[in-house]
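Heads up, the thing below is written out as structure tokens.
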Amino acid sequence: MTVSKTGYYTHRDCWKHEMGPGHPECPARLDAIEDRLLVTGVADALQHCEVPLASLADIELAHDRMHVAALRGLSDRLIEEEAAGGPPYVQVDTDTSMNRHTWTAALRAAGAALAATDAVMAGEIENAFCSVRPPGHHATRTKAMGFCFFNNVAIAAKYALQRYNLKRVAVVDFDVHHGNGTEDILAGDPRALMVSIFQHPFYPYCGDQEPASNMLNVPVPAYTKGMEVRDIVDMVWMPRLESFKPEMIFVSAGFDAHREDDMGQLSLNEQDYAWITMRVKDVARRFARGRIVSCLEGGYMMGPLARSVEAHVRVLADL
């Protein structure tokens, strides 16, 4: 049996983080993905990989040391107070809170992206999908927000540049929300290019102004359909990615732009996600030896999320 060219990274610690009953960013998201990949047989075609905890030094490639220390302090205090009968959650933002397991889950989610980067760079796998939570693309250099604590993709991108001395890495973000955290961390770094598409005006209510020449963010109105998004990918993203010639591509794989996901109002479907993945893979094959690390971001309706991840991973694994 040949070893799969697609790595699959997940860890039980990512299930333990939760933000309270009824919160849309919940552990059941990972169950839905895992069940779908198992029942369709896709899981059998993937290389299941170990997920370490990210080191604080690696997290600080993308985040301010004070932000990291503050989250760790909040976690330590929460665990102490809960043991003494205190509440099981602490708010860090209006829609984002920690439980006693959040700190470890966040280190594990970033660790998955880093381990996947190492394995792809070593040629052990061609590409990887990290089925992890908490997600990352709203976490800025100094702030946790939008369900995100550490920016998994930005950390891995910075790590690839430093650890492997790459000259050019690209981030592709197709979540329904603008990846403001990734933009905050990578804007102005000529070694990184970010291309994204997102609903606007919509949370986090930014991204329509280009902050730096290495950001190619395309805001689209509510009810934009899949074919319109494909046109944008072909006419706007592709020329920029091809002229940049990335040596590695990181994907913020949010599936909440699906037409059945009520978190947003875009109209993508599984076939659109497969098509976008094919286009990204084409660029990776031509310029980056196929190197892609994809990390889960949004997607909050279990059925469409699971089917969309399956479609995305099938293309990564050539299934």
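Going through the structure tokens in order, the chains are called A, B, and so on, while each chain numbers its residues from 1 and the ligands are numbered from 1 in the order shown.
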inquiry  = I want to know what sits within 9 Å of A:Gly179, based on only C-alpha atoms, with residues of the same chain fewer than 2 positions away left out; could you give that as a ChimeraX atom specification?
reply    = /A:136-139,173-175,177,181-184,196,198,204,207,252
I'd like a table as a tab-separated table: residues in stretch 35-152 of chain A with an atom no more than 7 Å from stretch 289-301 of chain A, each row giving the shortest atom pair and its distance in Å to one decimal, only C-alpha atoms counted, sorted by chain and rising residue number.
residue	atom	partner	partner_atom	distance
A:Ala113	CA	A:Cys295	CA	7.0
A:Ala116	CA	A:Val293	CA	6.5
A:Thr117	CA	A:Val293	CA	6.5
A:Val120	CA	A:Arg291	CA	6.1
A:Glu126	CA	A:Arg291	CA	5.5
A:Asn127	CA	A:Ile292	CA	4.6
A:Ala128	CA	A:Val293	CA	4.9
A:Phe129	CA	A:Ser294	CA	4.8
A:Cys130	CA	A:Cys295	CA	4.7
A:Ser131	CA	A:Leu296	CA	5.6
A:Val132	CA	A:Leu296	CA	6.1
A:Pro135	CA	A:Glu297	CA	4.8
A:Gly136	CA	A:Glu297	CA	6.6
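Note that the spacing between atom CA of A:Gln91 and atom CA of A:Glu18 amounts to 11.9 Å.
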Per-residue DSSP, stretch 187-274 of chain A, filtered to alpha helix (DSSP H), as a PyMOL selection string = chain A and resi 226-232+238-244+270-274
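With only C-alpha atoms as the atoms that count, the minimum distance from A:Ala54 to the choices A:Val195, A:Ala84, A:Val236, A:Ala115 is reached by A:Ala115.
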ask   = Excluding same-chain residues fewer than 6 positions from stretch 262-272 of chain A, what lies within 10 Å of it counting only C-alpha atoms, as number ranges by chain?
value = A: 24, 175-177, 198-200, 202-203, 220-230, 255-256, 278, 298-301, 304-312
message = Among stretch 14-174 of chain A, which ones does DSSP assign to strand (DSSP E or B) (computed from the backbone)? Answer as a PyMOL selection string.
response = chain A and resi 47-49+90-93+96-98+127-130+145+148+169-173
inquiry  = Report as an MDAnalysis selection string all protein, DNA and RNA residues lying within 9 Å of A:Met121, evaluated on only C-alpha atoms, omitting residues in the same chain fewer than 6 positions from it.
reply    = chainID A and resid 160 164 248 291
Could those selected residues go to a file with all heavy atoms, as a compact mmCIF listing (two decimals), in the first residue's frame?
# COMPACT_ATOMS: atom_id res chain seq x y z
N ALA A 160 7.02 28.82 8.25
CA ALA A 160 7.60 28.31 7.00
C ALA A 160 8.64 29.29 6.45
O ALA A 160 9.70 28.87 5.96
CB ALA A 160 6.51 28.09 5.97
N TYR A 164 12.22 27.46 7.18
CA TYR A 164 12.68 26.87 5.91
C TYR A 164 13.22 27.90 4.94
O TYR A 164 13.53 27.58 3.80
CB TYR A 164 11.55 26.05 5.28
CG TYR A 164 11.20 24.86 6.14
CD1 TYR A 164 10.09 24.88 6.98
CD2 TYR A 164 12.03 23.73 6.18
CE1 TYR A 164 9.79 23.81 7.81
CE2 TYR A 164 11.73 22.65 7.01
CZ TYR A 164 10.62 22.70 7.82
OH TYR A 164 10.34 21.65 8.65
N MET A 248 4.87 27.82 -1.17
CA MET A 248 3.98 27.02 -0.34
C MET A 248 2.68 27.79 -0.20
O MET A 248 2.68 29.03 -0.21
CB MET A 248 4.60 26.77 1.04
CG MET A 248 3.84 25.79 1.90
SD MET A 248 4.88 25.18 3.24
CE MET A 248 3.79 23.95 3.95
N ARG A 291 2.84 21.84 -2.49
CA ARG A 291 2.79 22.01 -1.02
C ARG A 291 1.62 22.90 -0.59
O ARG A 291 1.60 24.09 -0.85
CB ARG A 291 4.10 22.60 -0.53
CG ARG A 291 5.29 21.68 -0.83
CD ARG A 291 6.58 22.12 -0.17
NE ARG A 291 7.18 23.28 -0.77
CZ ARG A 291 8.50 23.40 -1.02
NH1 ARG A 291 9.33 22.40 -0.71
NH2 ARG A 291 8.98 24.50 -1.55
message = Set the distance at 6 Å and use only C-alpha atoms: which residues neighbour stretch 33-50 of chain A once local chain neighbours fewer than 5 positions away are removed? I'd like the list as a list of chain:residue names.
response = A:Ser4, A:Thr6, A:Gly7, A:Tyr8, A:Tyr9, A:Ala306
Saved selection, atoms kept: N, CA and C atoms, as a short mmCIF file (atom, residue, chain, number, x, y, z; two decimals), in the first residue's frame:
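out-v2.cif was written with the following content:
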data_model
loop_
_atom_site.label_atom_id
_atom_site.label_comp_id
_atom_site.auth_asym_id
_atom_site.auth_seq_id
_atom_site.Cartn_x
_atom_site.Cartn_y
_atom_site.Cartn_z
N SER A 4 -0.40 7.68 1.71
CA SER A 4 -1.18 8.77 1.12
C SER A 4 -0.36 10.04 1.02
N THR A 6 -1.76 12.90 1.24
CA THR A 6 -2.48 13.91 2.01
C THR A 6 -2.50 13.54 3.48
N GLY A 7 -1.95 14.42 4.31
CA GLY A 7 -1.96 14.21 5.75
C GLY A 7 -3.25 14.73 6.37
N TYR A 8 -3.70 14.05 7.41
CA TYR A 8 -4.90 14.47 8.14
C TYR A 8 -4.50 14.67 9.59
N TYR A 9 -4.71 15.89 10.08
CA TYR A 9 -4.27 16.27 11.42
C TYR A 9 -5.48 16.65 12.27
N ALA A 306 -19.69 19.11 6.73
CA ALA A 306 -19.07 17.80 6.53
C ALA A 306 -18.92 17.48 5.04
#
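Taking atom CA of A:Thr96 as the reference point, atom CA of A:Leu56 is found at 21.3 Å.
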query = What is the atom CA of A:Glu80 to atom CA of A:Met66 distance in Å?
reply = 20.9 Å
inquiry  = Just want the 12 Å neighbourhood of A:Gln209, counted on only C-alpha atoms, with same-chain residues fewer than 3 positions away dropped. Output as JSON, numbers by chain.
reply    = {"A": [178, 180, 183, 200, 201, 205, 206, 212, 213, 215, 216, 217, 218, 219]}
Just the selected residues (N, CA, C and O atoms), exported as a CSV table (one decimal), in the first residue's frame, please.
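Result went into part07.csv, see below:
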chain,number,residue,atom,x,y,z
A,178,HIS,N,-14.2,38.0,6.6
A,178,HIS,CA,-12.8,38.4,6.3
A,178,HIS,C,-11.8,38.0,7.4
A,178,HIS,O,-12.1,38.1,8.6
A,180,ASN,N,-9.4,39.0,9.1
A,180,ASN,CA,-8.8,40.3,9.6
A,180,ASN,C,-7.5,40.0,10.4
A,180,ASN,O,-6.6,40.8,10.3
A,183,GLU,N,-4.7,39.2,8.0
A,183,GLU,CA,-4.3,40.4,7.3
A,183,GLU,C,-3.4,41.3,8.3
A,183,GLU,O,-2.4,41.8,7.9
A,200,HIS,N,-19.4,41.1,2.4
A,200,HIS,CA,-19.3,42.5,3.0
A,200,HIS,C,-20.5,43.3,2.5
A,200,HIS,O,-20.9,43.2,1.4
A,201,PRO,N,-21.0,44.2,3.4
A,201,PRO,CA,-20.6,44.4,4.8
A,201,PRO,C,-21.0,43.3,5.7
A,201,PRO,O,-22.2,42.8,5.6
A,205,TYR,N,-16.5,43.5,9.7
A,205,TYR,CA,-16.7,44.9,9.2
A,205,TYR,C,-15.4,45.6,8.8
A,205,TYR,O,-15.2,46.7,9.1
A,206,CYS,N,-14.6,44.9,8.1
A,206,CYS,CA,-13.4,45.5,7.5
A,206,CYS,C,-13.0,44.6,6.3
A,206,CYS,O,-13.6,43.7,6.0
A,212,ALA,N,-2.3,47.0,2.5
A,212,ALA,CA,-0.9,46.8,2.0
A,212,ALA,C,-1.0,46.1,0.6
A,212,ALA,O,-2.0,45.4,0.3
A,213,SER,N,0.1,46.3,-0.1
A,213,SER,CA,0.1,45.8,-1.5
A,213,SER,C,0.1,44.2,-1.6
A,213,SER,O,-0.2,43.7,-2.6
A,215,MET,N,-1.9,42.3,0.0
A,215,MET,CA,-3.3,41.8,0.4
A,215,MET,C,-4.2,42.0,-0.8
A,215,MET,O,-4.3,43.1,-1.3
A,216,LEU,N,-4.8,40.9,-1.2
A,216,LEU,CA,-5.8,40.9,-2.3
A,216,LEU,C,-7.1,40.4,-1.8
A,216,LEU,O,-7.4,39.2,-1.9
A,217,ASN,N,-7.8,41.3,-1.1
A,217,ASN,CA,-9.1,40.9,-0.5
A,217,ASN,C,-10.2,41.4,-1.4
A,217,ASN,O,-10.3,42.5,-1.8
A,218,VAL,N,-11.1,40.4,-1.7
A,218,VAL,CA,-12.3,40.7,-2.6
A,218,VAL,C,-13.6,40.6,-1.8
A,218,VAL,O,-14.1,39.5,-1.6
A,219,PRO,N,-14.1,41.8,-1.4
A,219,PRO,CA,-15.4,41.8,-0.7
A,219,PRO,C,-16.5,41.5,-1.7
A,219,PRO,O,-16.5,42.1,-2.8
Exercise: A:Ala69 partners within 12 Å, only C-alpha atoms, chain neighbours under 3 positions left out, as a PDB file with N, CA, C and O atoms, in the first residue's frame:
ATOM      1  N   LEU A  56       5.542  28.117  22.483  1.00  0.00           N
ATOM      2  CA  LEU A  56       5.209  29.543  22.585  1.00  0.00           C
ATOM      3  C   LEU A  56       6.103  30.363  21.667  1.00  0.00           C
ATOM      4  O   LEU A  56       5.672  31.379  21.107  1.00  0.00           O
ATOM      5  N   ALA A  57       7.329  29.924  21.457  1.00  0.00           N
ATOM      6  CA  ALA A  57       8.238  30.640  20.556  1.00  0.00           C
ATOM      7  C   ALA A  57       7.670  30.669  19.141  1.00  0.00           C
ATOM      8  O   ALA A  57       7.740  31.706  18.453  1.00  0.00           O
ATOM      9  N   ILE A  59       4.419  30.345  18.342  1.00  0.00           N
ATOM     10  CA  ILE A  59       3.213  31.182  18.356  1.00  0.00           C
ATOM     11  C   ILE A  59       3.592  32.661  18.315  1.00  0.00           C
ATOM     12  O   ILE A  59       2.936  33.471  17.653  1.00  0.00           O
ATOM     13  N   GLU A  60       4.694  32.992  18.964  1.00  0.00           N
ATOM     14  CA  GLU A  60       5.117  34.400  19.002  1.00  0.00           C
ATOM     15  C   GLU A  60       5.750  34.877  17.696  1.00  0.00           C
ATOM     16  O   GLU A  60       6.074  36.059  17.555  1.00  0.00           O
ATOM     17  N   HIS A  63       2.254  36.348  16.986  1.00  0.00           N
ATOM     18  CA  HIS A  63       1.502  37.045  18.039  1.00  0.00           C
ATOM     19  C   HIS A  63       2.420  37.761  19.022  1.00  0.00           C
ATOM     20  O   HIS A  63       3.524  37.297  19.319  1.00  0.00           O
ATOM     21  N   ASP A  64       1.908  38.868  19.518  1.00  0.00           N
ATOM     22  CA  ASP A  64       2.603  39.638  20.534  1.00  0.00           C
ATOM     23  C   ASP A  64       2.738  38.802  21.812  1.00  0.00           C
ATOM     24  O   ASP A  64       1.795  38.113  22.221  1.00  0.00           O
ATOM     25  N   ARG A  65       3.899  38.882  22.426  1.00  0.00           N
ATOM     26  CA  ARG A  65       4.165  38.096  23.637  1.00  0.00           C
ATOM     27  C   ARG A  65       3.159  38.385  24.752  1.00  0.00           C
ATOM     28  O   ARG A  65       2.749  37.501  25.496  1.00  0.00           O
ATOM     29  N   MET A  66       2.721  39.650  24.829  1.00  0.00           N
ATOM     30  CA  MET A  66       1.757  40.021  25.870  1.00  0.00           C
ATOM     31  C   MET A  66       0.389  39.348  25.629  1.00  0.00           C
ATOM     32  O   MET A  66      -0.293  38.972  26.575  1.00  0.00           O
ATOM     33  N   ARG A  72      -2.692  32.907  28.518  1.00  0.00           N
ATOM     34  CA  ARG A  72      -2.239  31.857  29.445  1.00  0.00           C
ATOM     35  C   ARG A  72      -2.661  32.196  30.880  1.00  0.00           C
ATOM     36  O   ARG A  72      -3.122  31.325  31.628  1.00  0.00           O
ATOM     37  N   GLY A  73      -2.525  33.471  31.239  1.00  0.00           N
ATOM     38  CA  GLY A  73      -2.929  33.912  32.574  1.00  0.00           C
ATOM     39  C   GLY A  73      -4.424  33.731  32.805  1.00  0.00           C
ATOM     40  O   GLY A  73      -4.851  33.280  33.875  1.00  0.00           O
ATOM     41  N   LEU A  74      -5.225  34.085  31.794  1.00  0.00           N
ATOM     42  CA  LEU A  74      -6.678  33.900  31.894  1.00  0.00           C
ATOM     43  C   LEU A  74      -7.019  32.430  32.105  1.00  0.00           C
ATOM     44  O   LEU A  74      -7.867  32.087  32.926  1.00  0.00           O
ATOM     45  N   SER A  75      -6.348  31.569  31.363  1.00  0.00           N
ATOM     46  CA  SER A  75      -6.594  30.134  31.469  1.00  0.00           C
ATOM     47  C   SER A  75      -6.237  29.619  32.859  1.00  0.00           C
ATOM     48  O   SER A  75      -7.023  28.898  33.490  1.00  0.00           O
ATOM     49  N   ASP A  76      -5.061  30.000  33.344  1.00  0.00           N
ATOM     50  CA  ASP A  76      -4.625  29.552  34.676  1.00  0.00           C
ATOM     51  C   ASP A  76      -5.605  30.006  35.759  1.00  0.00           C
ATOM     52  O   ASP A  76      -5.960  29.246  36.665  1.00  0.00           O
ATOM     53  N   TRP A 103      -6.877  26.657  26.291  1.00  0.00           N
ATOM     54  CA  TRP A 103      -5.454  26.949  26.089  1.00  0.00           C
ATOM     55  C   TRP A 103      -4.750  25.770  25.386  1.00  0.00           C
ATOM     56  O   TRP A 103      -4.054  25.955  24.389  1.00  0.00           O
ATOM     57  N   THR A 142      -2.438  40.908  18.438  1.00  0.00           N
ATOM     58  CA  THR A 142      -2.572  41.268  19.851  1.00  0.00           C
ATOM     59  C   THR A 142      -3.916  40.898  20.469  1.00  0.00           C
ATOM     60  O   THR A 142      -4.155  41.224  21.628  1.00  0.00           O
ATOM     61  N   LYS A 143      -4.803  40.243  19.727  1.00  0.00           N
ATOM     62  CA  LYS A 143      -6.172  40.112  20.217  1.00  0.00           C
ATOM     63  C   LYS A 143      -6.836  38.808  19.785  1.00  0.00           C
ATOM     64  O   LYS A 143      -6.718  38.397  18.640  1.00  0.00           O
TER      65      LYS A 143
END
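Of the residues under consideration (A:Met194, A:Val313, A:Ala288, A:Met98), A:Met194 shows the shortest atom-to-atom contact distance to A:Val171 when counting only C-alpha atoms.
Of the residues under consideration (A:Gly303, A:Pro190, A:Leu78, A:Trp15), A:Gly303 shows the shortest atom-to-atom contact distance to A:Asp261 when counting only C-alpha atoms.
Nearest-residue note for A:Arg286: choosing from A:Val90, A:Leu241, A:Val172, A:Leu193, the minimum distance belongs to A:Leu241, counting only C-alpha atoms.
Here the question is which of A:Cys14, A:Val169, A:Cys26, A:Ile276 gets nearest to A:His101 using only C-alpha atoms, and that residue is A:Cys14.
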